[in-house]
file protein.pdb (PDB, C-alpha atoms)
ATOM      1  CA  MET A   1      74.228  64.678 105.133
ATOM      2  CA  LYS A   2      73.280  67.922 106.900
ATOM      3  CA  ARG A   3      76.410  67.641 109.037
ATOM      4  CA  ASN A   4      78.627  67.267 105.940
ATOM      5  CA  TYR A   5      76.978  70.344 104.449
ATOM      6  CA  GLN A   6      77.684  72.340 107.650
ATOM      7  CA  ILE A   7      81.313  71.221 107.648
ATOM      8  CA  ALA A   8      81.697  72.195 103.988
ATOM      9  CA  VAL A   9      80.155  75.627 104.557
ATOM     10  CA  THR A  10      82.309  76.213 107.648
ATOM     11  CA  THR A  11      85.452  75.154 105.775
ATOM     12  CA  LEU A  12      84.564  77.388 102.842
ATOM     13  CA  ALA A  13      83.911  80.356 105.161
ATOM     14  CA  ALA A  14      87.208  79.823 106.966
ATOM     15  CA  GLY A  15      89.030  79.612 103.634
ATOM     16  CA  LEU A  16      87.447  82.846 102.430
ATOM     17  CA  LEU A  17      88.399  84.618 105.646
ATOM     18  CA  MET A  18      91.985  83.407 105.374
ATOM     19  CA  SER A  19      92.152  84.430 101.698
ATOM     20  CA  GLY A  20      90.790  87.866 102.547
ATOM     21  CA  ALA A  21      93.324  88.266 105.325
ATOM     22  CA  LEU A  22      96.142  87.266 102.971
ATOM     23  CA  VAL A  23      95.012  89.707 100.281
ATOM     24  CA  TRP A  24      94.694  92.480 102.867
ATOM     25  CA  ARG A  25      98.156  91.734 104.203
ATOM     26  CA  LEU A  26      99.689  91.733 100.720
ATOM     27  CA  SER A  27      98.030  95.027  99.807
ATOM     28  CA  ALA A  28      99.224  96.564 103.066
ATOM     29  CA  ALA A  29     102.776  95.502 102.212
ATOM     30  CA  GLU A  30     102.450  97.114  98.786
ATOM     31  CA  GLU A  31     101.430 100.433 100.345
ATOM     32  CA  LYS A  32     104.921 100.988 101.745
ATOM     33  CA  PRO A  33     106.403 103.862  99.772
ATOM     34  CA  GLY A  34     109.138 103.015  97.326
ATOM     35  CA  PRO A  35     112.597 104.564  97.581
ATOM     36  CA  ILE A  36     111.734 107.539  95.367
ATOM     37  CA  LYS A  37     108.646 108.491  97.328
ATOM     38  CA  GLU A  38     110.470 107.941 100.602
ATOM     39  CA  VAL A  39     113.334 110.251  99.577
ATOM     40  CA  MET A  40     110.910 112.922  98.372
ATOM     41  CA  GLN A  41     108.819 112.765 101.542
ATOM     42  CA  THR A  42     111.839 112.761 103.830
ATOM     43  CA  TYR A  43     114.065 115.378 102.188
ATOM     44  CA  HIS A  44     111.844 117.491  99.926
ATOM     45  CA  LYS A  45     108.767 117.864 102.127
ATOM     46  CA  ALA A  46     108.444 118.969 105.704
ATOM     47  CA  PRO A  47     105.708 119.499 108.245
ATOM     48  CA  LYS A  48     103.952 122.844 107.908
ATOM     49  CA  GLY A  49     106.028 125.608 109.422
ATOM     50  CA  THR A  50     109.407 123.923 108.951
ATOM     51  CA  ASP A  51     111.772 123.850 106.001
ATOM     52  CA  PRO A  52     112.583 120.592 104.224
ATOM     53  CA  THR A  53     116.210 119.515 104.127
ATOM     54  CA  CYS A  54     116.575 120.488 100.460
ATOM     55  CA  LYS A  55     115.557 124.088 101.248
ATOM     56  CA  LYS A  56     117.864 124.209 104.261
ATOM     57  CA  ALA A  57     120.693 123.045 101.999
ATOM     58  CA  LEU A  58     119.904 125.815  99.486
ATOM     59  CA  ASP A  59     119.848 128.411 102.266
ATOM     60  CA  GLY A  60     123.102 127.148 103.804
ATOM     61  CA  LYS A  61     121.279 126.136 106.993
ATOM     62  CA  ALA A  62     121.514 122.339 106.712
ATOM     63  CA  THR A  63     123.778 120.629 109.207
ATOM     64  CA  ALA A  64     126.657 118.417 108.089
ATOM     65  CA  GLU A  65     124.641 115.389 109.220
ATOM     66  CA  GLU A  66     121.591 116.483 107.204
ATOM     67  CA  ILE A  67     123.715 116.931 104.090
ATOM     68  CA  LYS A  68     125.366 113.551 104.637
ATOM     69  CA  LYS A  69     121.915 111.920 104.775
ATOM     70  CA  LEU A  70     120.827 113.899 101.707
ATOM     71  CA  VAL A  71     123.826 112.597  99.746
ATOM     72  CA  ALA A  72     123.001 109.010 100.759
ATOM     73  CA  ALA A  73     119.347 109.498  99.795
ATOM     74  CA  TYR A  74     120.232 110.887  96.380
ATOM     75  CA  LYS A  75     122.574 107.962  95.796
ATOM     76  CA  VAL A  76     119.538 105.701  96.300
ATOM     77  CA  LEU A  77     117.668 107.727  93.673
ATOM     78  CA  THR A  78     120.407 107.089  91.096
ATOM     79  CA  THR A  79     119.792 103.340  91.371
ATOM     80  CA  ALA A  80     115.988 103.499  91.483
ATOM     81  CA  LYS A  81     113.848 102.812  88.449
ATOM     82  CA  PRO A  82     111.798 105.824  87.341
ATOM     83  CA  PRO A  83     108.033 105.325  87.623
ATOM     84  CA  LYS A  84     107.606 106.993  84.234
ATOM     85  CA  GLY A  85     109.816 108.209  81.415
ATOM     86  CA  ASP A  86     113.213 107.370  79.970
ATOM     87  CA  GLU A  87     115.734 105.671  82.258
ATOM     88  CA  ALA A  88     118.645 107.580  80.673
ATOM     89  CA  SER A  89     116.943 110.888  81.538
ATOM     90  CA  TRP A  90     116.317 109.650  85.087
ATOM     91  CA  LYS A  91     119.942 108.596  85.486
ATOM     92  CA  GLU A  92     121.175 111.944  84.177
ATOM     93  CA  LYS A  93     118.957 113.998  86.488
ATOM     94  CA  THR A  94     119.535 111.928  89.619
ATOM     95  CA  SER A  95     123.291 111.701  89.009
ATOM     96  CA  LYS A  96     123.435 115.483  88.675
ATOM     97  CA  LEU A  97     121.485 115.842  91.930
ATOM     98  CA  PHE A  98     123.758 113.339  93.684
ATOM     99  CA  ALA A  99     126.924 115.106  92.456
ATOM    100  CA  ALA A 100     125.565 118.501  93.507
ATOM    101  CA  ALA A 101     124.792 117.192  97.005
ATOM    102  CA  GLN A 102     128.307 115.757  97.212
ATOM    103  CA  GLY A 103     129.568 119.245  96.367
ATOM    104  CA  LEU A 104     127.576 120.611  99.294
ATOM    105  CA  GLU A 105     129.080 117.958 101.539
ATOM    106  CA  LYS A 106     132.599 118.954 100.452
ATOM    107  CA  SER A 107     131.797 122.690 100.729
ATOM    108  CA  ALA A 108     132.744 123.277  97.087
ATOM    109  CA  PRO A 109     132.689 126.986  96.169
ATOM    110  CA  ASP A 110     129.923 126.667  93.555
ATOM    111  CA  ALA A 111     128.032 123.873  95.323
ATOM    112  CA  VAL A 112     124.893 125.841  96.201
ATOM    113  CA  ALA A 113     124.451 127.085  92.624
ATOM    114  CA  LYS A 114     124.903 123.575  91.219
ATOM    115  CA  TYR A 115     122.522 122.147  93.808
ATOM    116  CA  LYS A 116     119.916 124.815  93.008
ATOM    117  CA  GLU A 117     120.096 123.886  89.334
ATOM    118  CA  ALA A 118     119.964 120.137  90.030
ATOM    119  CA  VAL A 119     117.088 120.267  92.534
ATOM    120  CA  ASN A 120     114.698 121.640  89.899
ATOM    121  CA  CYS A 121     111.565 119.711  90.889
ATOM    122  CA  LYS A 122     109.511 120.579  87.829
ATOM    123  CA  ALA A 123     112.171 119.402  85.371
ATOM    124  CA  CYS A 124     112.144 115.948  86.929
ATOM    125  CA  HIS A 125     108.449 115.700  87.775
ATOM    126  CA  THR A 126     107.354 116.689  84.267
ATOM    127  CA  VAL A 127     108.988 113.620  82.709
ATOM    128  CA  HIS A 128     109.193 111.115  85.557
ATOM    129  CA  ARG A 129     106.423 111.634  88.104
ATOM    130  CA  PRO A 130     103.465 109.294  87.583
ATOM    131  CA  ASP A 131     100.116 110.910  86.828
TER     132      ASP A 131
END
call {"tool": "encode", "arguments": {"input": "protein.pdb", "output": "structure tokens"}}
result
Amino acid sequence: MKRNYQIAVTTLAAGLLMSGALVWRLSAAEEKPGPIKEVMQTYHKAPKGTDPTCKKALDGKATAEEIKKLVAAYKVLTTAKPPKGDEASWKEKTSKLFAAAQGLEKSAPDAVAKYKEAVNCKACHTVHRPD
């Protein structure tokens, strides 16, 4: 009887450990940033002392390769679901940003002005950034 009790306790302990490991693994997988956060961290933030790609683009200092990657990143934003707010508003803002970046890529004469208007962080964050 004592032996059966020990086996049951050992089995229960092993099951709890495995369950804990599974929960930990699932939560770790959920911590990966979504496409919106990834785009923001990659192209709108930069290590201290360096300019983010969006600022370089505004200043005319972004390379053709950086702008190409920026265009691709903004295309991803147009298909992402906003974490908060109206999807039509999200689509409008991200499409405008994507089109402005395409203008930069094509060296359109008014591209920088359109990009500056479209990259208005506060306008987007006010309605779409989660609290």
call {"tool": "resolve_selection", "arguments": {"input": "protein.pdb", "expression": "the PyMOL selection byres ((chain A and resi 79) around 10)", "output": "PDB file with C-alpha atoms, keeping the file's coordinate frame"}}
result
ATOM      1  CA  PRO A  35     112.597 104.564  97.581  1.00  0.00           C
ATOM      2  CA  ILE A  36     111.734 107.539  95.367  1.00  0.00           C
ATOM      3  CA  TYR A  74     120.232 110.887  96.380  1.00  0.00           C
ATOM      4  CA  LYS A  75     122.574 107.962  95.796  1.00  0.00           C
ATOM      5  CA  VAL A  76     119.538 105.701  96.300  1.00  0.00           C
ATOM      6  CA  LEU A  77     117.668 107.727  93.673  1.00  0.00           C
ATOM      7  CA  THR A  78     120.407 107.089  91.096  1.00  0.00           C
ATOM      8  CA  ALA A  80     115.988 103.499  91.483  1.00  0.00           C
ATOM      9  CA  LYS A  81     113.848 102.812  88.449  1.00  0.00           C
ATOM     10  CA  PRO A  82     111.798 105.824  87.341  1.00  0.00           C
ATOM     11  CA  TRP A  90     116.317 109.650  85.087  1.00  0.00           C
ATOM     12  CA  LYS A  91     119.942 108.596  85.486  1.00  0.00           C
ATOM     13  CA  THR A  94     119.535 111.928  89.619  1.00  0.00           C
ATOM     14  CA  SER A  95     123.291 111.701  89.009  1.00  0.00           C
TER      15      SER A  95
END
call {"tool": "atom_distance", "arguments": {"input": "protein.pdb", "atom1": "CA of Glu92 (chain A)", "atom2": "CA of Lys45 (chain A)"}}
result
22.6 Å
call {"tool": "resolve_selection", "arguments": {"input": "protein.pdb", "expression": "the PyMOL selection byres ((chain A and resi 105-121) around 8)", "output": "list in words"}}
result
Cys54, Ala57, Leu58, Gly60, Ala64, Ile67, Lys68, Val71, Lys93, Lys96, Leu97, Ala100, Ala101, Gln102, Gly103, Leu104, Lys122, Ala123, Cys124 and His125 of chain A
call {"tool": "atom_distance", "arguments": {"input": "protein.pdb", "atom1": "CA of Asp51 (chain A)", "atom2": "CA of Phe98 (chain A)"}}
result
20.1 Å
call {"tool": "closest_residue", "arguments": {"input": "protein.pdb", "among": "A:Glu65, A:Ala73, A:Glu87, A:Gly49", "to": "Ala99 (chain A)", "atoms": "all atoms listed in the file"}}
result
A:Ala73
call {"tool": "atom_distance", "arguments": {"input": "protein.pdb", "atom1": "CA of Ala62 (chain A)", "atom2": "CA of Thr126 (chain A)"}}
result
27.1 Å
call {"tool": "closest_residue", "arguments": {"input": "protein.pdb", "among": "A:Ala46, A:Val39, A:His128, A:Pro33", "to": "Lys69 (chain A)", "atoms": "only C-alpha atoms"}}
result
A:Val39
call {"tool": "axis_aligned_box", "arguments": {"input": "protein.pdb", "around": "region 41-53 of chain A", "padding_each_side": "6 Å", "output": "JSON"}}
result
{"center_x": 110.1, "center_y": 119.2, "center_z": 104.7, "size_x": 24.3, "size_y": 24.8, "size_z": 21.5}
call {"tool": "resolve_selection", "arguments": {"input": "protein.pdb", "expression": "the PyMOL selection byres ((chain A and resi 84) around 7)", "output": "list in words"}}
result
Pro82, Pro83, Gly85, Val127, His128, Arg129 and Pro130 of chain A
